[in-house]
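Enquirer: This is work-v2.cif, which holds mmCIF, C-alpha atoms:
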data_model
#
loop_
_atom_site.group_PDB
_atom_site.id
_atom_site.type_symbol
_atom_site.label_atom_id
_atom_site.label_comp_id
_atom_site.auth_asym_id
_atom_site.auth_seq_id
_atom_site.Cartn_x
_atom_site.Cartn_y
_atom_site.Cartn_z
ATOM 1 C CA VAL B 1 -82.824 -25.146 13.083
ATOM 2 C CA LYS B 2 -82.298 -21.971 15.066
ATOM 3 C CA LEU B 3 -81.050 -22.046 18.637
ATOM 4 C CA VAL B 4 -81.379 -19.440 21.375
ATOM 5 C CA TYR B 5 -78.803 -19.810 24.143
ATOM 6 C CA LEU B 6 -79.292 -17.864 27.357
ATOM 7 C CA VAL B 7 -76.246 -16.983 29.473
ATOM 8 C CA ARG B 8 -76.034 -15.450 32.913
ATOM 9 C CA ASN B 9 -73.369 -14.225 35.318
ATOM 10 C CA PRO B 10 -71.619 -17.578 35.908
ATOM 11 C CA ILE B 11 -71.218 -17.135 39.658
ATOM 12 C CA GLU B 12 -74.852 -16.150 40.119
ATOM 13 C CA ARG B 13 -75.914 -19.079 37.930
ATOM 14 C CA MET B 14 -73.805 -21.433 40.028
ATOM 15 C CA ILE B 15 -75.307 -20.269 43.320
ATOM 16 C CA SER B 16 -78.792 -20.420 41.828
ATOM 17 C CA GLN B 17 -78.116 -24.001 40.685
ATOM 18 C CA TYR B 18 -77.305 -25.049 44.234
ATOM 19 C CA LYS B 19 -80.317 -23.215 45.627
ATOM 20 C CA MET B 20 -82.564 -24.959 43.101
ATOM 21 C CA ARG B 21 -81.056 -28.365 43.870
ATOM 22 C CA ASP B 22 -81.664 -27.780 47.552
ATOM 23 C CA ARG B 23 -85.272 -26.730 46.896
ATOM 24 C CA LEU B 24 -85.904 -29.772 44.743
ATOM 25 C CA ARG B 25 -83.984 -31.996 47.138
ATOM 26 C CA SER B 26 -82.493 -33.756 44.136
ATOM 27 C CA GLN B 27 -78.914 -33.488 45.299
ATOM 28 C CA THR B 28 -78.247 -36.160 47.853
ATOM 29 C CA ARG B 29 -74.463 -35.952 47.947
ATOM 30 C CA LEU B 30 -72.894 -33.285 50.107
ATOM 31 C CA LYS B 31 -76.198 -32.197 51.664
ATOM 32 C CA ASP B 32 -74.546 -31.503 54.997
ATOM 33 C CA GLN B 33 -71.943 -29.207 53.464
ATOM 34 C CA THR B 34 -72.312 -25.466 53.222
ATOM 35 C CA LEU B 35 -72.854 -23.758 49.910
ATOM 36 C CA GLU B 36 -69.330 -22.348 50.127
ATOM 37 C CA SER B 37 -67.705 -25.750 50.660
ATOM 38 C CA ARG B 38 -69.732 -27.352 47.865
ATOM 39 C CA ILE B 39 -68.599 -24.644 45.434
ATOM 40 C CA GLN B 40 -65.016 -24.985 46.646
ATOM 41 C CA ASP B 41 -65.217 -28.741 45.990
ATOM 42 C CA ASP B 42 -66.534 -28.176 42.472
ATOM 43 C CA LEU B 43 -63.835 -25.583 41.840
ATOM 44 C CA ALA B 44 -61.103 -27.963 43.011
ATOM 45 C CA GLN B 45 -62.485 -30.778 40.806
ATOM 46 C CA PHE B 46 -62.663 -28.451 37.816
ATOM 47 C CA LEU B 47 -59.138 -27.092 38.281
ATOM 48 C CA LYS B 48 -57.770 -30.658 38.356
ATOM 49 C CA LYS B 49 -59.358 -31.364 34.958
ATOM 50 C CA GLU B 50 -59.009 -27.992 33.244
ATOM 51 C CA PRO B 51 -56.524 -28.159 30.365
ATOM 52 C CA ASN B 52 -53.656 -25.767 31.036
ATOM 53 C CA SER B 53 -53.399 -24.108 27.631
ATOM 54 C CA LYS B 54 -55.156 -20.796 26.962
ATOM 55 C CA ASN B 55 -58.305 -21.159 24.846
ATOM 56 C CA TRP B 56 -57.821 -24.937 24.917
ATOM 57 C CA TRP B 57 -61.227 -25.552 23.337
ATOM 58 C CA THR B 58 -60.063 -23.854 20.099
ATOM 59 C CA LYS B 59 -56.815 -25.793 19.593
ATOM 60 C CA SER B 60 -56.464 -27.920 16.454
ATOM 61 C CA SER B 61 -56.136 -31.191 18.378
ATOM 62 C CA VAL B 62 -59.410 -30.403 20.110
ATOM 63 C CA THR B 63 -61.200 -29.177 16.999
ATOM 64 C CA ASN B 64 -60.180 -32.273 15.029
ATOM 65 C CA HIS B 65 -61.290 -34.710 17.741
ATOM 66 C CA GLY B 66 -64.103 -32.776 19.361
ATOM 67 C CA ILE B 67 -64.231 -30.623 22.447
ATOM 68 C CA PRO B 68 -64.050 -32.893 25.466
ATOM 69 C CA CYS B 69 -66.649 -32.933 28.164
ATOM 70 C CA LEU B 70 -64.573 -32.711 31.317
ATOM 71 C CA PHE B 71 -67.379 -34.193 33.421
ATOM 72 C CA SER B 72 -69.666 -37.125 32.606
ATOM 73 C CA ASN B 73 -72.711 -34.880 33.021
ATOM 74 C CA ASP B 74 -72.240 -31.192 32.274
ATOM 75 C CA TYR B 75 -74.546 -30.086 35.058
ATOM 76 C CA LEU B 76 -72.858 -32.037 37.858
ATOM 77 C CA ASN B 77 -69.971 -29.609 38.236
ATOM 78 C CA SER B 78 -71.255 -26.106 38.803
ATOM 79 C CA VAL B 79 -68.023 -24.451 37.631
ATOM 80 C CA TRP B 80 -67.942 -26.400 34.370
ATOM 81 C CA ALA B 81 -71.615 -25.739 33.686
ATOM 82 C CA SER B 82 -70.970 -21.970 33.461
ATOM 83 C CA LEU B 83 -68.204 -22.158 30.841
ATOM 84 C CA TYR B 84 -70.577 -20.901 28.173
ATOM 85 C CA VAL B 85 -67.990 -20.319 25.442
ATOM 86 C CA VAL B 86 -66.809 -23.931 25.696
ATOM 87 C CA HIS B 87 -70.340 -25.317 25.476
ATOM 88 C CA LEU B 88 -71.215 -22.956 22.621
ATOM 89 C CA SER B 89 -68.080 -24.087 20.787
ATOM 90 C CA ARG B 90 -69.359 -27.641 21.071
ATOM 91 C CA TRP B 91 -72.720 -26.554 19.603
ATOM 92 C CA LEU B 92 -70.927 -24.845 16.707
ATOM 93 C CA LYS B 93 -69.555 -28.227 15.658
ATOM 94 C CA HIS B 94 -73.121 -29.094 14.621
ATOM 95 C CA PHE B 95 -74.842 -25.781 13.842
ATOM 96 C CA GLU B 96 -73.808 -22.727 11.836
ATOM 97 C CA ARG B 97 -73.029 -19.591 13.840
ATOM 98 C CA ARG B 98 -75.749 -17.640 12.004
ATOM 99 C CA ASN B 99 -78.332 -20.042 13.469
ATOM 100 C CA LEU B 100 -77.302 -19.405 17.068
ATOM 101 C CA LEU B 101 -78.447 -16.396 19.079
ATOM 102 C CA VAL B 102 -76.751 -15.848 22.430
ATOM 103 C CA ILE B 103 -78.657 -13.658 24.875
ATOM 104 C CA LYS B 104 -77.523 -12.438 28.241
ATOM 105 C CA SER B 105 -80.213 -13.062 30.870
ATOM 106 C CA GLU B 106 -79.372 -9.772 32.528
ATOM 107 C CA ASP B 107 -80.197 -7.973 29.247
ATOM 108 C CA PHE B 108 -83.524 -9.771 29.074
ATOM 109 C CA PHE B 109 -84.478 -8.641 32.557
ATOM 110 C CA GLU B 110 -83.215 -5.093 31.954
ATOM 111 C CA ARG B 111 -84.835 -4.728 28.525
ATOM 112 C CA PRO B 112 -87.383 -7.520 28.125
ATOM 113 C CA LYS B 113 -89.360 -6.011 25.263
ATOM 114 C CA ALA B 114 -86.254 -5.295 23.146
ATOM 115 C CA THR B 115 -84.820 -8.748 23.870
ATOM 116 C CA VAL B 116 -88.046 -10.553 22.938
ATOM 117 C CA LYS B 117 -88.198 -8.467 19.744
ATOM 118 C CA LYS B 118 -84.585 -9.365 18.899
ATOM 119 C CA THR B 119 -85.354 -13.042 19.500
ATOM 120 C CA LEU B 120 -88.448 -12.986 17.312
ATOM 121 C CA GLU B 121 -86.510 -11.293 14.509
ATOM 122 C CA PHE B 122 -83.760 -13.913 14.810
ATOM 123 C CA LEU B 123 -86.428 -16.614 14.461
ATOM 124 C CA ASN B 124 -87.756 -14.819 11.355
ATOM 125 C CA LEU B 125 -91.006 -14.024 13.121
ATOM 126 C CA ASP B 126 -92.642 -10.647 12.703
ATOM 127 C CA PRO B 127 -92.570 -8.823 16.072
ATOM 128 C CA SER B 128 -95.459 -6.615 14.932
ATOM 129 C CA GLU B 129 -97.700 -9.694 15.007
ATOM 130 C CA VAL B 130 -96.965 -10.302 18.685
ATOM 131 C CA ASN B 131 -98.232 -8.254 21.586
ATOM 132 C CA LEU B 132 -94.820 -7.690 23.190
ATOM 133 C CA GLU B 133 -96.321 -5.895 26.184
ATOM 134 C CA LYS B 134 -98.460 -8.948 26.955
ATOM 135 C CA VAL B 135 -95.560 -11.369 26.495
ATOM 136 C CA VAL B 136 -93.344 -9.341 28.814
ATOM 137 C CA ALA B 137 -96.146 -9.004 31.377
ATOM 138 C CA GLN B 138 -96.639 -12.784 31.369
ATOM 139 C CA VAL B 139 -92.956 -13.352 32.050
ATOM 140 C CA TYR B 140 -92.939 -10.995 35.009
ATOM 141 C CA ASN B 141 -96.280 -12.243 36.319
ATOM 142 C CA ALA B 142 -95.057 -15.846 36.382
ATOM 143 C CA ASN B 143 -93.636 -15.195 39.836
ATOM 144 C CA THR B 144 -95.634 -12.392 41.402
ATOM 145 C CA ALA B 145 -94.271 -13.082 44.882
ATOM 146 C CA ALA B 146 -90.797 -11.899 43.893
ATOM 147 C CA PRO B 147 -90.276 -8.227 43.180
ATOM 148 C CA ARG B 148 -88.678 -7.268 39.897
ATOM 149 C CA GLN B 149 -85.004 -6.680 40.445
ATOM 150 C CA SER B 150 -82.072 -5.941 38.235
ATOM 151 C CA THR B 151 -79.657 -8.819 37.850
ATOM 152 C CA ASN B 152 -77.274 -6.900 35.650
ATOM 153 C CA SER B 153 -74.404 -6.840 38.115
ATOM 154 C CA THR B 154 -72.651 -8.927 40.684
ATOM 155 C CA GLU B 155 -74.489 -6.856 43.282
ATOM 156 C CA SER B 156 -77.316 -9.347 43.160
ATOM 157 C CA LYS B 157 -79.472 -11.243 45.590
ATOM 158 C CA TYR B 158 -76.654 -13.787 45.948
ATOM 159 C CA LYS B 159 -73.935 -11.272 46.770
ATOM 160 C CA ASN B 160 -73.420 -12.417 50.360
ATOM 161 C CA GLN B 161 -74.048 -16.121 49.789
ATOM 162 C CA ILE B 162 -70.330 -16.877 49.412
ATOM 163 C CA SER B 163 -67.224 -15.213 50.778
ATOM 164 C CA LEU B 164 -65.561 -12.374 48.916
ATOM 165 C CA LYS B 165 -62.393 -14.489 48.662
ATOM 166 C CA LEU B 166 -64.222 -17.346 46.918
ATOM 167 C CA ARG B 167 -66.111 -14.928 44.665
ATOM 168 C CA GLN B 168 -62.823 -13.298 43.608
ATOM 169 C CA ARG B 169 -61.251 -16.703 42.963
ATOM 170 C CA LEU B 170 -64.204 -17.711 40.783
ATOM 171 C CA GLN B 171 -64.040 -14.401 38.923
ATOM 172 C CA SER B 172 -60.383 -15.073 38.095
ATOM 173 C CA VAL B 173 -61.208 -18.586 36.846
ATOM 174 C CA TYR B 174 -64.102 -17.348 34.700
ATOM 175 C CA LYS B 175 -62.365 -14.232 33.372
ATOM 176 C CA PRO B 176 -60.661 -15.805 30.309
ATOM 177 C CA TYR B 177 -63.792 -17.779 29.432
ATOM 178 C CA ASN B 178 -65.969 -14.672 29.737
ATOM 179 C CA GLU B 179 -63.511 -12.678 27.618
ATOM 180 C CA ALA B 180 -63.622 -15.406 24.958
ATOM 181 C CA LEU B 181 -67.434 -15.312 25.077
ATOM 182 C CA THR B 182 -67.283 -11.563 24.445
ATOM 183 C CA ALA B 183 -64.806 -11.966 21.589
ATOM 184 C CA SER B 184 -66.657 -14.845 19.935
ATOM 185 C CA PHE B 185 -70.283 -13.862 20.477
ATOM 186 C CA GLY B 186 -70.282 -10.144 21.266
ATOM 187 C CA ILE B 187 -71.717 -10.649 24.756
ATOM 188 C CA ASP B 188 -70.613 -7.873 27.102
ATOM 189 C CA THR B 189 -69.435 -9.679 30.219
ATOM 190 C CA THR B 190 -67.655 -6.756 31.875
ATOM 191 C CA ASP B 191 -70.313 -6.556 34.587
ATOM 192 C CA TRP B 192 -69.663 -10.205 35.478
ATOM 193 C CA ILE B 193 -66.127 -9.489 36.688
#
Using structure tokens, write down the structure from this file.

Expert:
Amino acid sequence: VKLVYLVRNPIERMISQYKMRDRLRSQTRLKDQTLESRIQDDLAQFLKKEPNSKNWWTKSSVTNHGIPCLFSNDYLNSVWASLYVVHLSRWLKHFERRNLLVIKSEDFFERPKATVKKTLEFLNLDPSEVNLEKVVAQVYNANTAAPRQSTNSTESKYKNQISLKLRQRLQSVYKPYNEALTASFGIDTTDWI
């Protein structure tokens, strides 16, 4: 088994999650609240449950008994859902590291052909047997109404969706997790902070 795990700027992913839930009308709780207040609520819930030791998911008591899921459903708390290094650590309890490829979404959108090639090579598929230009064109043509835009920075389409104060608070919460993701999986997260 080989796994490909896609990561994205955690704050942008969080905002996108709420936008998608609103579009799908699947989130009935807190519908009257603003995006900002819903994120603040999730942040407060997460901070109440977050273990207070650095790199808590790597500690021997955790590794011997399994990495806890702090929420009954990972996707219900938007802050928790973006702690990629914690979730990847849980996956590594069942799969060898060499069978897990972590790709940054921003890299895919910046360099789609190279990223698809890297993925195919990881899957032991010959990239020369695939028309990469066609594959990349299909990805970008899936949503022709939206112009192609770089997502490789926090200067994204969601920049003004939440206050600068909340964004900075989230960046400080995510910083150690992003740094651990970089250290463990070689993902450059410097543009996420």

Enquirer: Compare B:Asp191, B:Thr119, B:Tyr177, B:Pro112 by their minimum atom-to-atom distance to Ala137 (chain B), counting only C-alpha atoms, and give me the closest one.

Expert: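 Of B:Asp191, B:Thr119, B:Tyr177, B:Pro112, the one nearest Ala137 (chain B), counting only C-alpha atoms, is B:Pro112.
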
Enquirer: Considering all atoms listed in the file, can you say which of B:Arg169, B:Arg90, B:Lys175, B:Lys118 comes closest to Val102 (chain B)?

Expert: B:Lys118

Enquirer: Show me, as a VMD selection string, the residues that have an atom within 12 Å of Ser105 (chain B) when counting all atoms listed in the file, minus same-chain residues fewer than 4 positions from it.

Expert: chain B and resid 4 to 10 12 to 13 109 to 112 115 to 116 150 to 153 187 to 189 192

Enquirer: For C-alpha atoms, I'd like the residues from the last selection saved as a short mmCIF file (atom, residue, chain, number, x, y, z; two decimals), in the coordinates of the input.

Expert:
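New file again-v8.cif:
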data_model
loop_
_atom_site.label_atom_id
_atom_site.label_comp_id
_atom_site.auth_asym_id
_atom_site.auth_seq_id
_atom_site.Cartn_x
_atom_site.Cartn_y
_atom_site.Cartn_z
CA VAL B 4 -81.38 -19.44 21.38
CA TYR B 5 -78.80 -19.81 24.14
CA LEU B 6 -79.29 -17.86 27.36
CA VAL B 7 -76.25 -16.98 29.47
CA ARG B 8 -76.03 -15.45 32.91
CA ASN B 9 -73.37 -14.22 35.32
CA PRO B 10 -71.62 -17.58 35.91
CA GLU B 12 -74.85 -16.15 40.12
CA ARG B 13 -75.91 -19.08 37.93
CA PHE B 109 -84.48 -8.64 32.56
CA GLU B 110 -83.22 -5.09 31.95
CA ARG B 111 -84.84 -4.73 28.52
CA PRO B 112 -87.38 -7.52 28.12
CA THR B 115 -84.82 -8.75 23.87
CA VAL B 116 -88.05 -10.55 22.94
CA SER B 150 -82.07 -5.94 38.24
CA THR B 151 -79.66 -8.82 37.85
CA ASN B 152 -77.27 -6.90 35.65
CA SER B 153 -74.40 -6.84 38.12
CA ILE B 187 -71.72 -10.65 24.76
CA ASP B 188 -70.61 -7.87 27.10
CA THR B 189 -69.44 -9.68 30.22
CA TRP B 192 -69.66 -10.20 35.48
#

Enquirer: Determine the nearest neighbour of Leu76 (chain B) from the options B:Asp41, B:Glu50, B:Asp107, B:Asp126, counting only C-alpha atoms.

Expert: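 Answer, going by the shortest atom-to-atom distance: B:Asp41.
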
Enquirer: Have a look at B:His94, B:Arg38, B:Lys117, B:Lys59 and name the one nearest to Tyr18 (chain B); count all atoms listed in the file.

Expert: B:Arg38

Enquirer: Could you give me, as a list in words, the residues within 12 Å of Gln17 (chain B), counting all atoms listed in the file and dropping anything in the same chain fewer than 2 positions from it?

Expert: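 In the requested format, the answer is Arg8, Pro10, Ile11, Glu12, Arg13, Met14, Ile15, Lys19, Met20, Arg21, Asp22, Arg23, Leu24, Arg25, Ser26, Gln27, Leu35, Arg38, Ile39, Tyr75, Leu76, Asn77, Ser78, Val79, Ala81, Ser82 and Tyr158 of chain B.
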
Enquirer: Would you put the residues from that selection into a file with C-alpha atoms, as a CSV table (one decimal), in the coordinates of the input?

Expert:
chain,number,residue,atom,x,y,z
B,8,ARG,CA,-76.0,-15.4,32.9
B,10,PRO,CA,-71.6,-17.6,35.9
B,11,ILE,CA,-71.2,-17.1,39.7
B,12,GLU,CA,-74.9,-16.2,40.1
B,13,ARG,CA,-75.9,-19.1,37.9
B,14,MET,CA,-73.8,-21.4,40.0
B,15,ILE,CA,-75.3,-20.3,43.3
B,19,LYS,CA,-80.3,-23.2,45.6
B,20,MET,CA,-82.6,-25.0,43.1
B,21,ARG,CA,-81.1,-28.4,43.9
B,22,ASP,CA,-81.7,-27.8,47.6
B,23,ARG,CA,-85.3,-26.7,46.9
B,24,LEU,CA,-85.9,-29.8,44.7
B,25,ARG,CA,-84.0,-32.0,47.1
B,26,SER,CA,-82.5,-33.8,44.1
B,27,GLN,CA,-78.9,-33.5,45.3
B,35,LEU,CA,-72.9,-23.8,49.9
B,38,ARG,CA,-69.7,-27.4,47.9
B,39,ILE,CA,-68.6,-24.6,45.4
B,75,TYR,CA,-74.5,-30.1,35.1
B,76,LEU,CA,-72.9,-32.0,37.9
B,77,ASN,CA,-70.0,-29.6,38.2
B,78,SER,CA,-71.3,-26.1,38.8
B,79,VAL,CA,-68.0,-24.5,37.6
B,81,ALA,CA,-71.6,-25.7,33.7
B,82,SER,CA,-71.0,-22.0,33.5
B,158,TYR,CA,-76.7,-13.8,45.9

Enquirer: List, as a list of chain:residue names, every residue that the PyMOL selection byres ((chain B and resi 49) around 12) selects in the file provided.

Expert: B:Asp42, B:Leu43, B:Ala44, B:Gln45, B:Phe46, B:Leu47, B:Lys48, B:Glu50, B:Pro51, B:Asn52, B:Ser53, B:Pro68, B:Cys69, B:Leu70, B:Phe71, B:Asn77, B:Val79, B:Trp80

Enquirer: Using only C-alpha atoms for the distances, tell me which of B:Leu101, B:Ala180, B:Ile162, B:Leu3 is nearest to Thr58 (chain B).

Expert: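 Among the listed residues, B:Ala180 lies closest to Thr58 (chain B).
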
Enquirer: Have a look at B:Gln161, B:Ser184, B:Gln171, B:Thr34 and name the one nearest to Ser16 (chain B); count all atoms listed in the file.

Expert: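 Looking only at the distances to Ser16 (chain B), the closest residue turns out to be B:Gln161.
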
Enquirer: Excluding Ala114 (chain B) and its own-chain neighbours fewer than 6 positions away, which residues fall within 12 Å of it when counting only C-alpha atoms? Please give them as a list in words.

Expert: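 The residues satisfying every condition are Ile103, Asp107, Phe108, Leu120, Glu121, Pro127, Leu132, Glu133, Val135 and Val136 of chain B.
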
Enquirer: In Å to one decimal, how far is CA of Val173 (chain B) from CA of Ser37 (chain B)?

Expert: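 CA of Ser37 (chain B) sits 16.9 Å away from CA of Val173 (chain B).
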
Enquirer: Mind pulling up the distance from CA of Lys2 (chain B) to CA of Asn131 (chain B)?

Expert: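 Interatomic distance, CA of Asn131 (chain B) to CA of Lys2 (chain B): 22.0 Å.
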
Enquirer: What does the distance between CA of Asn99 (chain B) and CA of Val86 (chain B) come to in Å, to one decimal place?

Expert: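 Distance between the two atoms: 17.2 Å.
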